[in-house]
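What's in entry30.txt: compact mmCIF, N, CA and C atoms
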```txt
# COMPACT_ATOMS: atom_id res chain seq x y z
N GLN A 1 29.05 15.96 -26.82
CA GLN A 1 29.13 14.73 -26.04
C GLN A 1 28.49 14.95 -24.68
N VAL A 2 27.56 14.06 -24.35
CA VAL A 2 26.84 14.19 -23.09
C VAL A 2 27.74 13.71 -21.94
N GLN A 3 27.80 14.53 -20.91
CA GLN A 3 28.52 14.13 -19.70
C GLN A 3 27.62 14.31 -18.50
N LEU A 4 27.63 13.31 -17.64
CA LEU A 4 26.89 13.36 -16.38
C LEU A 4 27.88 13.13 -15.26
N VAL A 5 27.87 14.02 -14.27
CA VAL A 5 28.82 13.92 -13.17
C VAL A 5 28.07 13.96 -11.85
N GLU A 6 28.17 12.86 -11.11
CA GLU A 6 27.51 12.79 -9.80
C GLU A 6 28.42 13.33 -8.70
N SER A 7 27.81 13.85 -7.66
CA SER A 7 28.54 14.28 -6.47
C SER A 7 27.61 14.20 -5.27
N GLY A 8 28.21 14.31 -4.07
CA GLY A 8 27.40 14.36 -2.86
C GLY A 8 27.37 13.07 -2.06
N GLY A 9 27.98 12.02 -2.57
CA GLY A 9 28.03 10.78 -1.82
C GLY A 9 28.94 10.89 -0.61
N GLY A 10 28.90 9.86 0.23
CA GLY A 10 29.75 9.85 1.40
C GLY A 10 29.31 8.82 2.42
N LEU A 11 29.84 8.95 3.63
CA LEU A 11 29.52 8.05 4.74
C LEU A 11 28.58 8.77 5.69
N VAL A 12 27.49 8.11 6.04
CA VAL A 12 26.50 8.71 6.94
C VAL A 12 25.95 7.62 7.85
N GLN A 13 25.53 8.03 9.03
CA GLN A 13 24.93 7.06 9.96
C GLN A 13 23.48 6.79 9.58
N ALA A 14 23.00 5.63 9.96
CA ALA A 14 21.60 5.29 9.72
C ALA A 14 20.70 6.38 10.32
N GLY A 15 19.68 6.75 9.57
CA GLY A 15 18.79 7.81 9.98
C GLY A 15 19.19 9.19 9.46
N GLY A 16 20.38 9.29 8.92
CA GLY A 16 20.88 10.55 8.41
C GLY A 16 20.41 10.84 7.00
N SER A 17 20.93 11.95 6.45
CA SER A 17 20.52 12.41 5.13
C SER A 17 21.74 12.74 4.27
N LEU A 18 21.54 12.62 2.97
CA LEU A 18 22.51 13.06 1.97
C LEU A 18 21.73 13.62 0.79
N ARG A 19 22.36 14.55 0.07
CA ARG A 19 21.78 15.01 -1.19
C ARG A 19 22.79 14.78 -2.31
N LEU A 20 22.39 13.97 -3.25
CA LEU A 20 23.21 13.72 -4.43
C LEU A 20 22.86 14.72 -5.52
N SER A 21 23.88 15.10 -6.28
CA SER A 21 23.68 15.98 -7.43
C SER A 21 24.20 15.29 -8.68
N CYS A 22 23.60 15.63 -9.81
CA CYS A 22 24.05 15.13 -11.09
C CYS A 22 24.09 16.31 -12.05
N ALA A 23 25.28 16.75 -12.40
CA ALA A 23 25.45 17.88 -13.31
C ALA A 23 25.59 17.37 -14.74
N ALA A 24 24.78 17.94 -15.63
CA ALA A 24 24.77 17.51 -17.02
C ALA A 24 25.39 18.56 -17.93
N SER A 25 26.12 18.10 -18.93
CA SER A 25 26.65 18.99 -19.96
C SER A 25 26.59 18.28 -21.30
N GLY A 26 26.65 19.07 -22.37
CA GLY A 26 26.62 18.49 -23.71
C GLY A 26 25.25 18.04 -24.14
N VAL A 27 24.23 18.46 -23.41
CA VAL A 27 22.86 18.08 -23.75
C VAL A 27 21.95 19.26 -23.42
N THR A 28 20.91 19.41 -24.24
CA THR A 28 19.87 20.39 -23.90
C THR A 28 19.04 19.76 -22.79
N PHE A 29 19.24 20.27 -21.58
CA PHE A 29 18.74 19.60 -20.38
C PHE A 29 17.24 19.36 -20.44
N SER A 30 16.52 20.31 -21.00
CA SER A 30 15.06 20.21 -21.02
C SER A 30 14.53 19.14 -21.96
N THR A 31 15.39 18.54 -22.76
CA THR A 31 14.95 17.48 -23.67
C THR A 31 15.18 16.09 -23.08
N ALA A 32 15.70 16.01 -21.86
CA ALA A 32 16.07 14.72 -21.28
C ALA A 32 15.21 14.36 -20.08
N ALA A 33 14.77 13.10 -20.08
CA ALA A 33 14.24 12.51 -18.85
C ALA A 33 15.43 11.93 -18.09
N LEU A 34 15.32 11.92 -16.77
CA LEU A 34 16.47 11.59 -15.93
C LEU A 34 16.12 10.54 -14.90
N GLY A 35 17.14 9.85 -14.42
CA GLY A 35 16.90 8.85 -13.40
C GLY A 35 18.11 8.61 -12.51
N TRP A 36 17.85 8.01 -11.37
CA TRP A 36 18.89 7.55 -10.46
C TRP A 36 18.78 6.03 -10.32
N PHE A 37 19.92 5.38 -10.36
CA PHE A 37 20.01 3.94 -10.15
C PHE A 37 21.09 3.70 -9.10
N ARG A 38 21.13 2.49 -8.58
CA ARG A 38 22.19 2.15 -7.62
C ARG A 38 22.59 0.70 -7.80
N ARG A 39 23.87 0.45 -7.45
CA ARG A 39 24.38 -0.92 -7.47
C ARG A 39 24.94 -1.22 -6.09
N ALA A 40 24.25 -2.09 -5.37
CA ALA A 40 24.73 -2.54 -4.07
C ALA A 40 25.76 -3.64 -4.27
N PRO A 41 26.62 -3.87 -3.28
CA PRO A 41 27.63 -4.92 -3.41
C PRO A 41 27.01 -6.26 -3.75
N GLY A 42 27.50 -6.89 -4.80
CA GLY A 42 27.03 -8.20 -5.19
C GLY A 42 25.69 -8.24 -5.89
N LYS A 43 25.17 -7.07 -6.24
CA LYS A 43 23.84 -7.01 -6.88
C LYS A 43 23.91 -6.30 -8.22
N GLU A 44 22.85 -6.44 -8.98
CA GLU A 44 22.73 -5.75 -10.25
C GLU A 44 22.38 -4.28 -10.02
N ARG A 45 22.65 -3.46 -11.03
CA ARG A 45 22.22 -2.06 -10.98
C ARG A 45 20.70 -2.03 -10.96
N ALA A 46 20.13 -1.23 -10.05
CA ALA A 46 18.68 -1.22 -9.84
C ALA A 46 18.13 0.20 -9.83
N PHE A 47 16.90 0.29 -10.25
CA PHE A 47 16.20 1.58 -10.32
C PHE A 47 15.97 2.15 -8.93
N VAL A 48 16.13 3.47 -8.80
CA VAL A 48 15.83 4.17 -7.55
C VAL A 48 14.72 5.19 -7.76
N ALA A 49 14.92 6.10 -8.71
CA ALA A 49 13.94 7.17 -8.92
C ALA A 49 14.11 7.73 -10.32
N ALA A 50 13.04 8.33 -10.84
CA ALA A 50 13.07 8.93 -12.16
C ALA A 50 12.22 10.19 -12.18
N ILE A 51 12.55 11.09 -13.10
CA ILE A 51 11.80 12.32 -13.26
C ILE A 51 11.63 12.59 -14.74
N SER A 52 10.46 13.07 -15.11
CA SER A 52 10.16 13.29 -16.52
C SER A 52 10.89 14.51 -17.07
N ARG A 53 10.84 14.62 -18.35
CA ARG A 53 11.50 15.73 -19.05
C ARG A 53 11.04 17.07 -18.52
N ASN A 54 9.74 17.22 -18.26
CA ASN A 54 9.22 18.51 -17.80
C ASN A 54 9.22 18.64 -16.28
N GLY A 55 9.68 17.59 -15.58
CA GLY A 55 9.77 17.66 -14.13
C GLY A 55 8.46 17.47 -13.40
N LEU A 56 7.39 17.22 -14.13
CA LEU A 56 6.08 17.14 -13.47
C LEU A 56 5.74 15.74 -12.98
N ASN A 57 6.39 14.74 -13.52
CA ASN A 57 6.13 13.36 -13.08
C ASN A 57 7.39 12.76 -12.48
N THR A 58 7.19 12.01 -11.40
CA THR A 58 8.29 11.30 -10.77
C THR A 58 7.86 9.86 -10.48
N ALA A 59 8.84 9.01 -10.29
CA ALA A 59 8.58 7.61 -9.95
C ALA A 59 9.67 7.14 -9.00
N TYR A 60 9.30 6.22 -8.11
CA TYR A 60 10.25 5.74 -7.10
C TYR A 60 10.14 4.23 -6.94
N GLU A 61 11.27 3.63 -6.64
CA GLU A 61 11.27 2.23 -6.24
C GLU A 61 10.60 2.15 -4.87
N ASP A 62 9.91 1.07 -4.61
CA ASP A 62 9.06 1.00 -3.41
C ASP A 62 9.83 1.24 -2.11
N SER A 63 11.04 0.73 -2.02
CA SER A 63 11.75 0.81 -0.74
C SER A 63 12.23 2.23 -0.40
N VAL A 64 12.20 3.14 -1.37
CA VAL A 64 12.66 4.51 -1.10
C VAL A 64 11.51 5.51 -1.06
N LYS A 65 10.32 5.07 -1.37
CA LYS A 65 9.16 5.98 -1.35
C LYS A 65 8.99 6.59 0.05
N GLY A 66 8.80 7.90 0.07
CA GLY A 66 8.62 8.58 1.34
C GLY A 66 9.92 8.97 2.02
N ARG A 67 11.05 8.46 1.51
CA ARG A 67 12.36 8.80 2.08
C ARG A 67 13.24 9.58 1.10
N PHE A 68 13.13 9.28 -0.18
CA PHE A 68 13.94 9.92 -1.21
C PHE A 68 13.07 10.85 -2.05
N THR A 69 13.67 11.95 -2.51
CA THR A 69 12.97 12.88 -3.38
C THR A 69 13.87 13.26 -4.54
N ILE A 70 13.37 13.05 -5.75
CA ILE A 70 14.11 13.43 -6.95
C ILE A 70 13.61 14.78 -7.44
N SER A 71 14.52 15.59 -7.95
CA SER A 71 14.13 16.90 -8.48
C SER A 71 15.14 17.31 -9.55
N ARG A 72 14.81 18.36 -10.29
CA ARG A 72 15.71 18.86 -11.32
C ARG A 72 15.62 20.37 -11.38
N ASP A 73 16.73 20.99 -11.74
CA ASP A 73 16.82 22.44 -11.85
C ASP A 73 17.38 22.74 -13.24
N SER A 74 16.51 23.16 -14.14
CA SER A 74 16.93 23.39 -15.52
C SER A 74 17.89 24.57 -15.63
N ALA A 75 17.76 25.54 -14.76
CA ALA A 75 18.65 26.71 -14.80
C ALA A 75 20.09 26.30 -14.50
N LYS A 76 20.25 25.23 -13.72
CA LYS A 76 21.59 24.77 -13.34
C LYS A 76 22.00 23.49 -14.07
N ASN A 77 21.12 22.98 -14.95
CA ASN A 77 21.39 21.71 -15.64
C ASN A 77 21.78 20.61 -14.65
N THR A 78 21.04 20.55 -13.57
CA THR A 78 21.39 19.62 -12.49
C THR A 78 20.17 18.89 -11.96
N MET A 79 20.35 17.63 -11.67
CA MET A 79 19.33 16.80 -11.03
C MET A 79 19.80 16.48 -9.62
N TYR A 80 18.84 16.28 -8.73
CA TYR A 80 19.16 16.00 -7.33
C TYR A 80 18.43 14.75 -6.85
N LEU A 81 19.00 14.14 -5.83
CA LEU A 81 18.31 13.08 -5.10
C LEU A 81 18.51 13.36 -3.61
N GLN A 82 17.45 13.84 -2.97
CA GLN A 82 17.48 14.07 -1.53
C GLN A 82 17.15 12.75 -0.85
N MET A 83 18.06 12.28 -0.01
CA MET A 83 17.88 10.98 0.64
C MET A 83 17.81 11.20 2.15
N ASP A 84 16.68 10.91 2.72
CA ASP A 84 16.45 11.06 4.16
C ASP A 84 16.20 9.70 4.78
N SER A 85 16.30 9.65 6.10
CA SER A 85 16.06 8.40 6.85
C SER A 85 16.83 7.24 6.23
N LEU A 86 18.09 7.46 5.97
CA LEU A 86 18.90 6.45 5.29
C LEU A 86 19.07 5.20 6.14
N LYS A 87 19.12 4.08 5.45
CA LYS A 87 19.26 2.77 6.08
C LYS A 87 20.53 2.09 5.57
N PRO A 88 21.10 1.16 6.32
CA PRO A 88 22.28 0.45 5.83
C PRO A 88 22.06 -0.21 4.47
N GLU A 89 20.84 -0.65 4.20
CA GLU A 89 20.57 -1.29 2.91
C GLU A 89 20.54 -0.31 1.74
N ASP A 90 20.66 0.98 2.02
CA ASP A 90 20.79 1.97 0.95
C ASP A 90 22.23 2.10 0.48
N THR A 91 23.15 1.43 1.16
CA THR A 91 24.56 1.47 0.76
C THR A 91 24.73 0.94 -0.66
N ALA A 92 25.35 1.75 -1.51
CA ALA A 92 25.50 1.39 -2.92
C ALA A 92 26.29 2.49 -3.63
N VAL A 93 26.68 2.18 -4.86
CA VAL A 93 27.14 3.22 -5.77
C VAL A 93 25.91 3.74 -6.50
N TYR A 94 25.72 5.05 -6.48
CA TYR A 94 24.56 5.68 -7.10
C TYR A 94 24.96 6.31 -8.43
N TYR A 95 24.17 6.03 -9.46
CA TYR A 95 24.43 6.52 -10.80
C TYR A 95 23.27 7.38 -11.29
N CYS A 96 23.60 8.46 -11.99
CA CYS A 96 22.54 9.18 -12.67
C CYS A 96 22.55 8.80 -14.15
N ALA A 97 21.41 8.95 -14.77
CA ALA A 97 21.24 8.55 -16.16
C ALA A 97 20.31 9.53 -16.86
N ALA A 98 20.48 9.63 -18.18
CA ALA A 98 19.66 10.54 -18.98
C ALA A 98 19.27 9.88 -20.29
N VAL A 99 18.08 10.22 -20.75
CA VAL A 99 17.63 9.79 -22.07
C VAL A 99 16.94 10.96 -22.75
N ILE A 100 17.35 11.23 -23.99
CA ILE A 100 16.68 12.27 -24.77
C ILE A 100 15.35 11.71 -25.25
N THR A 101 14.27 12.45 -25.01
CA THR A 101 12.95 11.94 -25.33
C THR A 101 12.05 13.05 -25.83
N SER A 102 11.10 12.66 -26.66
CA SER A 102 10.11 13.63 -27.12
C SER A 102 8.88 13.63 -26.23
N TYR A 103 8.85 12.75 -25.24
CA TYR A 103 7.71 12.63 -24.34
C TYR A 103 7.95 13.46 -23.08
N PHE A 104 7.07 14.44 -22.84
CA PHE A 104 7.29 15.38 -21.76
C PHE A 104 6.99 14.78 -20.38
N PHE A 105 6.05 13.84 -20.32
CA PHE A 105 5.55 13.39 -19.03
C PHE A 105 6.02 11.99 -18.63
N THR A 106 6.76 11.32 -19.47
CA THR A 106 7.14 9.93 -19.22
C THR A 106 8.36 9.83 -18.32
N THR A 107 8.28 8.88 -17.37
CA THR A 107 9.45 8.52 -16.57
C THR A 107 9.92 7.14 -17.01
N TYR A 108 11.20 6.86 -16.82
CA TYR A 108 11.79 5.62 -17.30
C TYR A 108 12.48 4.92 -16.14
N SER A 109 12.21 3.62 -15.98
CA SER A 109 12.72 2.90 -14.81
C SER A 109 13.63 1.73 -15.17
N LYS A 110 13.90 1.52 -16.44
CA LYS A 110 14.75 0.39 -16.84
C LYS A 110 16.11 0.90 -17.32
N THR A 111 17.16 0.16 -16.98
CA THR A 111 18.50 0.61 -17.36
C THR A 111 18.64 0.72 -18.86
N ASN A 112 18.00 -0.17 -19.62
CA ASN A 112 18.19 -0.15 -21.07
C ASN A 112 17.38 0.94 -21.76
N GLU A 113 16.64 1.72 -20.99
CA GLU A 113 15.91 2.85 -21.56
C GLU A 113 16.77 4.12 -21.58
N TYR A 114 17.91 4.08 -20.92
CA TYR A 114 18.76 5.26 -20.80
C TYR A 114 19.97 5.17 -21.74
N ASP A 115 20.35 6.33 -22.29
CA ASP A 115 21.46 6.39 -23.24
C ASP A 115 22.76 6.85 -22.62
N HIS A 116 22.66 7.60 -21.52
CA HIS A 116 23.85 8.24 -20.97
C HIS A 116 23.92 8.01 -19.47
N TRP A 117 25.13 7.76 -18.99
CA TRP A 117 25.35 7.42 -17.58
C TRP A 117 26.53 8.18 -17.00
N GLY A 118 26.43 8.48 -15.72
CA GLY A 118 27.56 9.00 -14.99
C GLY A 118 28.43 7.87 -14.46
N GLU A 119 29.52 8.27 -13.81
CA GLU A 119 30.47 7.28 -13.29
C GLU A 119 30.08 6.73 -11.93
N GLY A 120 29.20 7.43 -11.25
CA GLY A 120 28.72 6.95 -9.96
C GLY A 120 29.36 7.65 -8.77
N THR A 121 28.64 7.63 -7.65
CA THR A 121 29.15 8.17 -6.39
C THR A 121 28.77 7.19 -5.28
N GLN A 122 29.71 6.94 -4.38
CA GLN A 122 29.51 5.94 -3.33
C GLN A 122 28.72 6.54 -2.18
N VAL A 123 27.71 5.80 -1.75
CA VAL A 123 26.96 6.14 -0.54
C VAL A 123 27.09 4.97 0.42
N THR A 124 27.56 5.25 1.63
CA THR A 124 27.71 4.21 2.64
C THR A 124 26.96 4.63 3.89
N VAL A 125 26.05 3.77 4.34
CA VAL A 125 25.24 4.05 5.52
C VAL A 125 25.64 3.07 6.61
N SER A 126 26.13 3.58 7.70
CA SER A 126 26.56 2.72 8.80
C SER A 126 25.44 2.54 9.81
N SER A 127 25.42 1.37 10.43
CA SER A 127 24.35 1.07 11.40
C SER A 127 24.75 1.50 12.81
```
Could you rewrite the structure in this file as structure tokens?
Amino acid sequence: QVQLVESGGGLVQAGGSLRLSCAASGVTFSTAALGWFRRAPGKERAFVAAISRNGLNTAYEDSVKGRFTISRDSAKNTMYLQMDSLKPEDTAVYYCAAVITSYFFTTYSKTNEYDHWGEGTQVTVSS
């Protein structure tokens, strides 16, 4: 059974940084493409960033480009989201997601492309 567990959320002032982690178990990590999504208050869950199965391709939602960095560590079965220059509009519950894929270089940006989800971690950015 695949389990994804997020950590690293919290309260930070605007301009600050946080690093989210997503620990995976029950899956051969190298067979999964991974992604981060977020749900802001009153909004739908939305794409933030994605990384391919082999870690060589990444994709970002436009508003986080240049501020957020997605990465993965296969030795630790963990994915990360480094978030810098945080803004109040980044406040949301952040979710990690995984999909088993045979495509090494593909990133996935739609919620319905993912099979497995974590429970989420709250990120709050104060102004």
Enumerate, in order of chain and increasing residue number, the residues of stretch 55-121 of chain A with an atom no farther than 6 Å from stretch 31-42 of chain A, each with its shortest atom pair and distance in Å to one decimal, counting all atoms listed in the file, as a tab-separated table.
```
residue	atom	partner	partner_atom	distance
A:Thr91	C	A:Ala40	CA	4.9
A:Ala92	CA	A:Arg39	C	4.1
A:Val93	C	A:Arg39	N	4.0
A:Tyr94	CA	A:Arg38	CA	4.3
A:Tyr95	N	A:Phe37	C	3.9
A:Cys96	CA	A:Gly35	C	4.5
A:Ala97	C	A:Gly35	N	4.0
A:Ala98	CA	A:Leu34	CA	4.5
A:Val99	C	A:Ala33	N	4.1
A:Ile100	CA	A:Ala32	CA	4.3
A:Thr101	N	A:Thr31	C	4.2
```
(request) Skip A:Ala24 itself and residues of its chain fewer than 6 positions away, then list as JSON, numbers by chain all residues within 7 Å of it, counting only C-alpha atoms. (result) {"A": [3, 4, 5, 77, 78]}
(request) Extract the full set of strand (DSSP E) residues from chain A according to DSSP on the backbone, and format it as a PyMOL selection string. (result) chain A and resi 3-7+10-13+18-25+32-39+45-51+58-60+68-73+78-83+92-100+116-117+121-126
(request) Report the distance between atom CA of A:Asn57 and atom N of A:Trp117 in Å, rounded to one decimal place. (result)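 A separation of 20.7 Å between them.
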(message) I'd like to know which of A:Val27, A:Val2, A:Leu56, A:Leu18 is closest to A:Gln82, using only C-alpha atoms.
(response) A:Leu18
